[in-house]
Amino acid sequence: MPAELHCHSKISDGTASVGEIVALAKATGLSALSVTDHDTLEGSDKAAEYGGRLGVRIVTGTEISCFDYERQRNVHLLCYLPHNRECLCALLESVREGRSRAVEESARRVTELYPITHEMIERRAEGSSTLFKQHIMHALMDAGYAGEVFGSEFRELFGKGGKARVTFEHPDIFEALDIVRGSGAVAVLAHPAVYDSYEIIPELIRRGLDGIEVSYPRARSDDAETLGALCRRHGLIMTGGTDFHGSNCTAPHPLGTCTTSDEQLERLIALAQSRGQ
């Protein structure tokens, strides 16, 4: 069976626990799983404990929130199997701290706009590494002011020019790539279509990108063919992942909707092992 290499738990902005995700992977028959919570390795570390009990192979991973300052776009980088965590964890901590400050301010603004308390929001974030906008939305939903996470209220609050939109400085994508490579990890560009990351791909390849997420729910219709050909031409690893967030999604996509082949998984693991020698 193939592997699921992109999913999120309650530790970041998902709604399922790590244990539930590992159990789902087992029940689905997936050969391997990577819990890639945003900007933390905590989810993967917990998954390893559950995976050992249930017989699910766990690939350590995280998804790093970066920025392409030349094109003014978000870029997400998947990081797998780091050997030297020290420099990597410093990067992840800085991103979490920036997000925490920004979303705390967003939460303050929302409590001025709606009769909900900060305590309500915090309770929806219990177990998460930081506060996320989704936690604010769940508080609004439970108070009856929103009917879905990513509906009109979300756009009004957090879209461009939104009433509660607060940005923070993300790490430069190329600096983050250097840190990931320095940790001995495998660096994979996440879901190029989500943030229109196509233009930056050639430069990322020149700077040492190891792979591209080719299969994912929000992919363009030609992604599998175009990105697959690009990966073959440059010898890059081709991964697949559902970007699973539980009910925090715009459309339902069960774990394992998009996957990584056994062949590509073994390439990824072998590359990481070679860097740890």
# chains A, B, ... in the order shown; residues from 1 in each chain; ligands from 1
>>> residues_around(residues="Thr62 (chain A)", least_positions_apart="2", cutoff="8 Å", atoms="only C-alpha atoms", output="PDB file with C-alpha atoms, in the first residue's frame")
ATOM      1  CA  VAL A  35       2.142  13.747  10.536  1.00  0.00           C
ATOM      2  CA  THR A  36       3.387  17.068   9.182  1.00  0.00           C
ATOM      3  CA  ASP A  37       1.934  19.540  11.647  1.00  0.00           C
ATOM      4  CA  HIS A  38       2.724  23.161  10.903  1.00  0.00           C
ATOM      5  CA  ASP A  39       6.101  24.306  12.191  1.00  0.00           C
ATOM      6  CA  THR A  40       6.553  21.606  14.827  1.00  0.00           C
ATOM      7  CA  LEU A  41       7.846  18.048  15.059  1.00  0.00           C
ATOM      8  CA  SER A  44       5.489  13.272  14.349  1.00  0.00           C
ATOM      9  CA  THR A  60       9.139  12.178  10.842  1.00  0.00           C
ATOM     10  CA  ILE A  64       7.194  24.919   7.354  1.00  0.00           C
ATOM     11  CA  LEU A  78       7.667  19.845   3.746  1.00  0.00           C
ATOM     12  CA  CYS A  79      10.631  18.613   5.767  1.00  0.00           C
ATOM     13  CA  TYR A  80      11.202  14.894   6.316  1.00  0.00           C
TER      14      TYR A  80
END
>>> select_by_dssp(residues="region 34-239 of chain A", states="alpha helix (DSSP H)", output="number ranges by chain")
A: 42-54, 85-113, 118-124, 133-142, 152-158, 173-182, 201-206, 223-234
>>> write_last_selection(atoms="C-alpha atoms", output="tab-separated table (two decimals), in the first residue's frame")
chain	number	residue	atom	x	y	z
A	42	GLU	CA	5.71	17.27	18.10
A	43	GLY	CA	3.00	15.55	16.05
A	44	SER	CA	5.49	13.27	14.35
A	45	ASP	CA	7.13	12.37	17.64
A	46	LYS	CA	3.77	11.40	19.13
A	47	ALA	CA	2.86	9.51	15.95
A	48	ALA	CA	5.99	7.40	16.36
A	49	GLU	CA	4.71	6.23	19.75
A	50	TYR	CA	1.31	5.23	18.37
A	51	GLY	CA	2.84	3.81	15.20
A	52	GLY	CA	5.03	1.49	17.23
A	53	ARG	CA	1.99	0.10	19.01
A	54	LEU	CA	-0.19	-0.27	15.91
A	85	ARG	CA	17.16	19.04	14.93
A	86	GLU	CA	18.84	21.91	16.77
A	87	CYS	CA	18.97	24.45	13.93
A	88	LEU	CA	15.67	23.26	12.50
A	89	CYS	CA	13.80	23.57	15.79
A	90	ALA	CA	15.04	27.13	16.23
A	91	LEU	CA	13.45	28.00	12.88
A	92	LEU	CA	10.20	26.25	13.77
A	93	GLU	CA	10.00	27.99	17.12
A	94	SER	CA	10.45	31.41	15.54
A	95	VAL	CA	7.56	30.74	13.13
A	96	ARG	CA	5.31	29.56	15.95
A	97	GLU	CA	6.12	32.64	18.02
A	98	GLY	CA	5.32	34.94	15.10
A	99	ARG	CA	2.03	33.19	14.43
A	100	SER	CA	1.11	33.20	18.11
A	101	ARG	CA	1.55	36.97	18.40
A	102	ALA	CA	-0.41	37.62	15.21
A	103	VAL	CA	-3.33	35.30	15.96
A	104	GLU	CA	-3.56	36.52	19.56
A	105	GLU	CA	-4.08	40.01	18.16
A	106	SER	CA	-6.63	38.66	15.68
A	107	ALA	CA	-8.46	37.00	18.57
A	108	ARG	CA	-8.51	40.26	20.51
A	109	ARG	CA	-10.07	42.06	17.54
A	110	VAL	CA	-12.68	39.33	17.07
A	111	THR	CA	-13.75	39.55	20.71
A	112	GLU	CA	-14.38	43.26	20.11
A	113	LEU	CA	-16.56	42.46	17.10
A	118	HIS	CA	-10.85	34.81	24.63
A	119	GLU	CA	-11.35	31.82	26.92
A	120	MET	CA	-13.78	30.32	24.39
A	121	ILE	CA	-11.13	30.60	21.68
A	122	GLU	CA	-8.40	29.17	23.89
A	123	ARG	CA	-10.51	26.13	24.73
A	124	ARG	CA	-10.83	25.34	21.02
A	133	LYS	CA	-7.40	31.29	12.91
A	134	GLN	CA	-9.39	28.04	12.71
A	135	HIS	CA	-9.68	28.04	16.51
A	136	ILE	CA	-11.23	31.50	16.37
A	137	MET	CA	-13.66	30.30	13.73
A	138	HIS	CA	-14.70	27.28	15.81
A	139	ALA	CA	-15.50	29.61	18.72
A	140	LEU	CA	-17.63	31.72	16.38
A	141	MET	CA	-19.36	28.61	15.05
A	142	ASP	CA	-20.11	27.33	18.55
A	152	SER	CA	-18.00	34.28	4.37
A	153	GLU	CA	-17.19	35.18	7.97
A	154	PHE	CA	-13.65	33.81	7.58
A	155	ARG	CA	-13.13	35.91	4.44
A	156	GLU	CA	-14.57	38.99	6.11
A	157	LEU	CA	-12.30	38.61	9.10
A	158	PHE	CA	-9.10	37.19	7.63
A	173	ILE	CA	11.89	30.29	1.61
A	174	PHE	CA	15.52	30.04	0.51
A	175	GLU	CA	16.86	30.55	4.03
A	176	ALA	CA	14.45	27.91	5.28
A	177	LEU	CA	15.53	25.52	2.52
A	178	ASP	CA	19.18	25.97	3.55
A	179	ILE	CA	18.30	25.20	7.18
A	180	VAL	CA	16.29	22.11	6.23
A	181	ARG	CA	19.15	20.82	4.09
A	182	GLY	CA	21.59	21.67	6.90
A	201	ILE	CA	10.37	25.97	-8.62
A	202	PRO	CA	13.40	26.35	-10.96
A	203	GLU	CA	15.22	28.48	-8.40
A	204	LEU	CA	14.35	26.09	-5.59
A	205	ILE	CA	15.76	23.22	-7.63
A	206	ARG	CA	19.00	25.14	-8.16
A	223	ASP	CA	-0.02	18.86	-12.14
A	224	ALA	CA	0.54	15.11	-12.20
A	225	GLU	CA	1.82	15.23	-15.78
A	226	THR	CA	3.70	18.56	-15.68
A	227	LEU	CA	5.25	18.25	-12.23
A	228	GLY	CA	5.93	14.54	-12.75
A	229	ALA	CA	7.89	15.29	-15.92
A	230	LEU	CA	9.80	18.06	-14.12
A	231	CYS	CA	10.71	15.71	-11.29
A	232	ARG	CA	11.90	13.01	-13.66
A	233	ARG	CA	14.00	15.51	-15.61
A	234	HIS	CA	15.76	16.75	-12.47
>>> select_by_dssp(residues="region 29-272 of chain A", states="strand (DSSP E or B)", output="PDB file with C-alpha atoms, in the first residue's frame")
ATOM      1  CA  ALA A  32       3.502   4.625   6.075  1.00  0.00           C
ATOM      2  CA  LEU A  33       2.398   7.935   7.531  1.00  0.00           C
ATOM      3  CA  SER A  34       3.900  11.353   8.172  1.00  0.00           C
ATOM      4  CA  VAL A  35       2.142  13.747  10.536  1.00  0.00           C
ATOM      5  CA  HIS A  38       2.724  23.161  10.903  1.00  0.00           C
ATOM      6  CA  ARG A  57       5.580   3.033   9.797  1.00  0.00           C
ATOM      7  CA  ILE A  58       6.071   6.696  10.764  1.00  0.00           C
ATOM      8  CA  GLY A  61       7.974  15.396   9.224  1.00  0.00           C
ATOM      9  CA  THR A  62       6.733  18.958   9.486  1.00  0.00           C
ATOM     10  CA  GLU A  63       5.357  21.602   7.134  1.00  0.00           C
ATOM     11  CA  ILE A  64       7.194  24.919   7.354  1.00  0.00           C
ATOM     12  CA  SER A  65       5.344  28.153   6.588  1.00  0.00           C
ATOM     13  CA  CYS A  66       7.673  30.274   4.440  1.00  0.00           C
ATOM     14  CA  PHE A  67       7.470  33.308   2.152  1.00  0.00           C
ATOM     15  CA  ASP A  68       8.712  34.122  -1.341  1.00  0.00           C
ATOM     16  CA  ARG A  73       3.608  34.770  -1.995  1.00  0.00           C
ATOM     17  CA  ASN A  74       3.384  32.158   0.723  1.00  0.00           C
ATOM     18  CA  VAL A  75       5.347  28.970   0.084  1.00  0.00           C
ATOM     19  CA  HIS A  76       5.133  25.826   2.178  1.00  0.00           C
ATOM     20  CA  LEU A  77       8.037  23.431   2.554  1.00  0.00           C
ATOM     21  CA  LEU A  78       7.667  19.845   3.746  1.00  0.00           C
ATOM     22  CA  CYS A  79      10.631  18.613   5.767  1.00  0.00           C
ATOM     23  CA  TYR A  80      11.202  14.894   6.316  1.00  0.00           C
ATOM     24  CA  ASP A 172      12.447  33.473   3.612  1.00  0.00           C
ATOM     25  CA  VAL A 186      14.669  15.926   2.773  1.00  0.00           C
ATOM     26  CA  ALA A 187      13.036  19.118   1.462  1.00  0.00           C
ATOM     27  CA  VAL A 188       9.843  18.836  -0.611  1.00  0.00           C
ATOM     28  CA  LEU A 189       7.791  21.702  -2.024  1.00  0.00           C
ATOM     29  CA  GLY A 211      11.239  16.794  -4.253  1.00  0.00           C
ATOM     30  CA  ILE A 212       7.793  18.136  -5.125  1.00  0.00           C
ATOM     31  CA  GLU A 213       4.378  17.154  -3.849  1.00  0.00           C
ATOM     32  CA  VAL A 214       2.805  16.080  -7.123  1.00  0.00           C
ATOM     33  CA  SER A 215      -0.440  14.509  -5.877  1.00  0.00           C
ATOM     34  CA  ILE A 237      11.372  12.736  -5.480  1.00  0.00           C
ATOM     35  CA  MET A 238       7.625  12.776  -6.207  1.00  0.00           C
ATOM     36  CA  THR A 239       5.419  12.726  -3.132  1.00  0.00           C
ATOM     37  CA  GLY A 240       1.691  12.705  -2.561  1.00  0.00           C
ATOM     38  CA  PHE A 244      -5.548  16.209   5.799  1.00  0.00           C
ATOM     39  CA  THR A 260       3.155   8.505  -2.218  1.00  0.00           C
TER      40      THR A 260
END
>>> residues_around(residues="Lys10 (chain A)", least_positions_apart="4", cutoff="9 Å", atoms="only C-alpha atoms", output="list in words")
Gly14, Thr15, Ala16, Ser17, Val18, Asp37, Gly43, Ala125, Glu126, Gly127, Ser128, Ser129 and His245 of chain A
>>> write_last_selection(atoms="N, CA and C atoms", output="CSV table (one decimal), in the first residue's frame")
chain,number,residue,atom,x,y,z
A,14,GLY,N,-5.4,20.9,12.7
A,14,GLY,CA,-6.3,19.8,12.3
A,14,GLY,C,-7.3,19.6,13.4
A,15,THR,N,-8.3,18.7,13.2
A,15,THR,CA,-9.3,18.5,14.2
A,15,THR,C,-9.2,17.0,14.8
A,16,ALA,N,-8.4,16.2,14.2
A,16,ALA,CA,-8.2,14.8,14.8
A,16,ALA,C,-6.9,14.8,15.6
A,17,SER,N,-7.0,13.9,16.6
A,17,SER,CA,-5.8,13.7,17.4
A,17,SER,C,-4.7,12.9,16.7
A,18,VAL,N,-3.5,12.9,17.1
A,18,VAL,CA,-2.4,12.1,16.5
A,18,VAL,C,-2.8,10.7,16.6
A,37,ASP,N,2.5,18.4,11.0
A,37,ASP,CA,1.9,19.5,11.6
A,37,ASP,C,2.8,20.8,11.3
A,43,GLY,N,4.0,16.5,16.6
A,43,GLY,CA,3.0,15.5,16.1
A,43,GLY,C,3.7,14.3,15.6
A,125,ALA,N,-8.4,25.7,21.2
A,125,ALA,CA,-7.0,25.5,20.8
A,125,ALA,C,-6.3,24.6,21.7
A,126,GLU,N,-7.0,24.0,22.7
A,126,GLU,CA,-6.3,23.1,23.6
A,126,GLU,C,-5.6,21.9,22.9
A,127,GLY,N,-4.3,21.8,23.2
A,127,GLY,CA,-3.5,20.7,22.6
A,127,GLY,C,-2.7,21.2,21.4
A,128,SER,N,-3.0,22.4,20.9
A,128,SER,CA,-2.3,22.9,19.7
A,128,SER,C,-1.0,23.6,20.2
A,129,SER,N,0.0,23.6,19.3
A,129,SER,CA,1.3,24.2,19.6
A,129,SER,C,1.1,25.8,19.6
A,245,HIS,N,-6.8,17.7,7.2
A,245,HIS,CA,-7.0,18.6,8.4
A,245,HIS,C,-8.3,18.2,9.2
>>> atom_distance(atom1="CA of Asp222 (chain A)", atom2="CA of Ala193 (chain A)")
10.5 Å
>>> atom_distance(atom1="CA of Ser183 (chain A)", atom2="CA of Phe132 (chain A)")
26.7 Å
>>> atom_distance(atom1="CA of Thr257 (chain A)", atom2="CA of Asp243 (chain A)")
9.3 Å
>>> residues_around(residues="Ala272 (chain A)", least_positions_apart="2", cutoff="8 Å", atoms="only C-alpha atoms", output="ChimeraX atom specification")
/A:80-82,184-186,268-270,274-276
>>> closest_residue(among="A:Tyr216, A:Tyr195, A:Phe150, A:Phe168", to="Ser247 (chain A)", atoms="only C-alpha atoms")
A:Phe150
>>> closest_residue(among="A:Cys249, A:Val59, A:Leu209, A:Leu255", to="Lys26 (chain A)", atoms="only C-alpha atoms")
A:Leu255
